[in-house]
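Asker: Mind looking over this structure? Questions follow.
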2 protein chains.
Amino acid sequence: MNYYARPVAHLIDELARLPGVGPKTAQRLAFYLLNAPAEVARNLARAVVEARDAIRYCSVCGNLTDADTCLICRDDRRIRAILCVVEHSRDVVAMEKTRSFKGLYHVLQGVISPIDGIGPEQLAVKELIQRLGSGEVQEVVLATNPSVEGDATALYLARLIKPLGLKVTRIAYGLPVGADLEYADAITLGKSLEGRQEI
Amino acid sequence: MNYYARPVAHLIDELARLPGVGPKTAQRLAFYLLNAPAEVARNLARAVVEARDAIRYCSVCGNLTDADTCLICRDDRRIRAILCVVEHSRDVVAMEKTRSFKGLYHVLQGVISPIDGIGPEQLAVKELIQRLGSGEVQEVVLATNPSVEGDATALYLARLIKPLGLKVTRIAYGLPVGADLEYADAITLGKSLEGRQEI
């Protein structure tokens, strides 16, 4: 049964490709775009194409940028001795929102994941080692996700970087702020105990 | 603080205008579109513009269509004596999915809602009465939402249509299939009792 005119069906299909958007949500978004003023739909389409055309990876750190190097790499108030290694550009945004990191970033563009056929050579690992070769960096903060793959990648990088004589750190495991001991999983709570700090 | 390059920020803003899409989801969608193959982003943008350009309201019933009249109005297997009045095109899809309605539709493009300044003259009420004038229709099913506005609109239309000597019905209130009496609200349960049918 064909419930939609062809262009509507096609729009719903394309919207349903977005992450977290199922057929129901895609239908709701499509009807919104078709009933809203034409400008709303046109502006969205233009923003998608313009962003996709303008945005590339920063030639230094791999973050998303509309210039050759990103806003952070160009900012001379940042501390160049500390480098934070993250999986994706979105993690740079998450770190920046903490306002507690003043160093530079290196975006790996993923994690080591043998099951998906992703090894170090598919990631920006070579670029990272080259960057460290300049002697400017003194500490590397490994901020890959606290997942199996993220941990494995951090361990791999630590083994690669330590021989260069640099300080290598890993972001802390522990309880999220506002959490409840009672509902914390045992592994997290265990890590939180291991990582206890004197007050 | 500026976390994103300008085209990325603009894309996030445009995505966040979509219904049910907050800043977090907009950011996730934007990063997906920027990291996916360029074709994914381009196809989405094209589908939005093409659908918006191709789609108009059916000249007969007001449903969305890419031709002068919609698929349903053109389908000569549909029973022309029954007309189902709904608020929006998306409600036509919902009704069609039941596979229990074989008549035609009339899309009001909204409901009477004085608080939003929407009266009968902002809706396709005049067109409905004109359609009923042809003498083809024998029953009008009022399938506006079971909300205060939907009920008021149904009541308004019933008063308008009954003097024309047509049968006017309203879709049934009652418990949703699979629901639990214990958790049903009292008004719904009351309506369900009122509308009881002999078995």
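Residue names in the structure tokens use chain letters A, B, ... in the order shown, residue numbers from 1 in each chain, and ligand numbers from 1 in the order shown.
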So that each row is one residue of chain A with an atom at most 6 Å from chain B, can you give its shortest atom pair and the distance in Å to one decimal, using only C-alpha atoms, rows by chain and rising number, as JSON lines?

Answerer:
{"residue": "A:Tyr3", "atom": "CA", "partner": "B:Val93", "partner_atom": "CA", "distance": 5.9}
{"residue": "A:Ala5", "atom": "CA", "partner": "B:Thr65", "partner_atom": "CA", "distance": 5.5}
{"residue": "A:Pro7", "atom": "CA", "partner": "B:Ala51", "partner_atom": "CA", "distance": 4.8}
{"residue": "A:Val8", "atom": "CA", "partner": "B:Ala51", "partner_atom": "CA", "distance": 5.8}
{"residue": "A:Leu11", "atom": "CA", "partner": "B:Ala47", "partner_atom": "CA", "distance": 5.0}
{"residue": "A:Glu14", "atom": "CA", "partner": "B:Leu44", "partner_atom": "CA", "distance": 5.5}
{"residue": "A:Leu34", "atom": "CA", "partner": "B:Arg52", "partner_atom": "CA", "distance": 5.7}
{"residue": "A:Leu44", "atom": "CA", "partner": "B:Glu14", "partner_atom": "CA", "distance": 5.5}
{"residue": "A:Ala45", "atom": "CA", "partner": "B:Ala45", "partner_atom": "CA", "distance": 4.2}
{"residue": "A:Ala47", "atom": "CA", "partner": "B:Leu11", "partner_atom": "CA", "distance": 5.0}
{"residue": "A:Ala51", "atom": "CA", "partner": "B:Pro7", "partner_atom": "CA", "distance": 4.8}
{"residue": "A:Arg52", "atom": "CA", "partner": "B:Leu34", "partner_atom": "CA", "distance": 5.7}
{"residue": "A:Thr65", "atom": "CA", "partner": "B:Ala5", "partner_atom": "CA", "distance": 5.5}
{"residue": "A:Val93", "atom": "CA", "partner": "B:Tyr3", "partner_atom": "CA", "distance": 5.9}

Asker: Could you list, with a cut-off of 7 Å and counting only C-alpha atoms, the residues of stretch 95-187 of chain B near stretch 73-80 of chain B, each shown with its nearest atom pair and the distance in Å rounded to one decimal, rows sorted by chain and ascending number, as a Markdown table?

Answerer:
| residue | atom | partner | partner_atom | distance |
| --- | --- | --- | --- | --- |
| B:Lys102 | CA | B:Arg78 | CA | 5.4 |
| B:Gly103 | CA | B:Ile79 | CA | 4.4 |
| B:Leu104 | CA | B:Arg80 | CA | 6.1 |
| B:Glu136 | CA | B:Arg80 | CA | 6.6 |
| B:Val137 | CA | B:Arg80 | CA | 6.3 |

Asker: With DSSP run on the backbone, what are the strand (DSSP E or B) residues within stretch 12-197 of chain A? I'd like them as a tab-separated table (two decimals) with C-alpha atoms, in the first residue's frame.

Answerer:
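Ended up saving to result-v5.tsv:
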chain	number	residue	atom	x	y	z
A	56	ARG	CA	36.85	19.81	6.34
A	57	TYR	CA	39.23	18.33	8.90
A	64	LEU	CA	36.04	19.99	12.00
A	65	THR	CA	36.79	23.43	10.59
A	82	ILE	CA	49.19	19.55	26.65
A	83	LEU	CA	47.49	17.51	23.97
A	84	CYS	CA	44.13	15.83	24.52
A	85	VAL	CA	43.45	12.82	22.28
A	86	VAL	CA	39.75	12.20	21.52
A	104	LEU	CA	45.16	21.47	22.23
A	105	TYR	CA	43.37	18.44	20.77
A	106	HIS	CA	44.08	15.54	18.49
A	107	VAL	CA	41.08	13.84	16.89
A	113	SER	CA	37.96	-1.89	16.72
A	118	ILE	CA	39.55	-0.57	12.19
A	139	GLU	CA	51.70	15.70	28.32
A	140	VAL	CA	49.24	13.62	26.33
A	141	VAL	CA	45.76	13.21	27.89
A	142	LEU	CA	44.02	10.14	26.50
A	167	LYS	CA	53.80	12.15	30.37
A	168	VAL	CA	50.73	10.13	29.37
A	169	THR	CA	47.49	10.37	31.36
A	170	ARG	CA	44.01	8.88	31.07

Asker: Which of these residues is nearest to A:Gly110, using only C-alpha atoms: A:Glu149, A:Pro23, A:Leu132, A:Ala81?

Answerer: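 Of all the options, A:Glu149 lies closest to A:Gly110.
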
Asker: Would you list, as a ChimeraX atom specification, the residues of stretch 23-152 of chain B that end up in alpha helix (DSSP H) under DSSP run on this structure's backbone?

Answerer: /B:23-35,38-54,71-74,89-98,125-132,148-152

Asker: So the first atom is atom CA of A:Thr69 and the second is atom CA of A:Ser100; what is the distance between them in Å, to one decimal place?

Answerer: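 Separating atom CA of A:Thr69 from atom CA of A:Ser100 is a distance of 22.1 Å.
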
Asker: Of the residues A:Ala158, A:Gly22, A:Cys61, A:Phe101, which is the one nearest to A:Gln130, using only C-alpha atoms?

Answerer: A:Cys61

Asker: Find the distance between atom CA of A:Leu108 and atom CA of A:Leu128 and write it in Å to one decimal.

Answerer: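 Separation between atom CA of A:Leu108 and atom CA of A:Leu128: 8.2 Å.
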
Asker: Would you please work out which residue, of A:Ser192, A:Ser59, A:Thr144, A:Gln138, is nearest to A:Tyr156 when using only C-alpha atoms?

Answerer: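 The shortest atom-to-atom distance to A:Tyr156 comes from A:Thr144.
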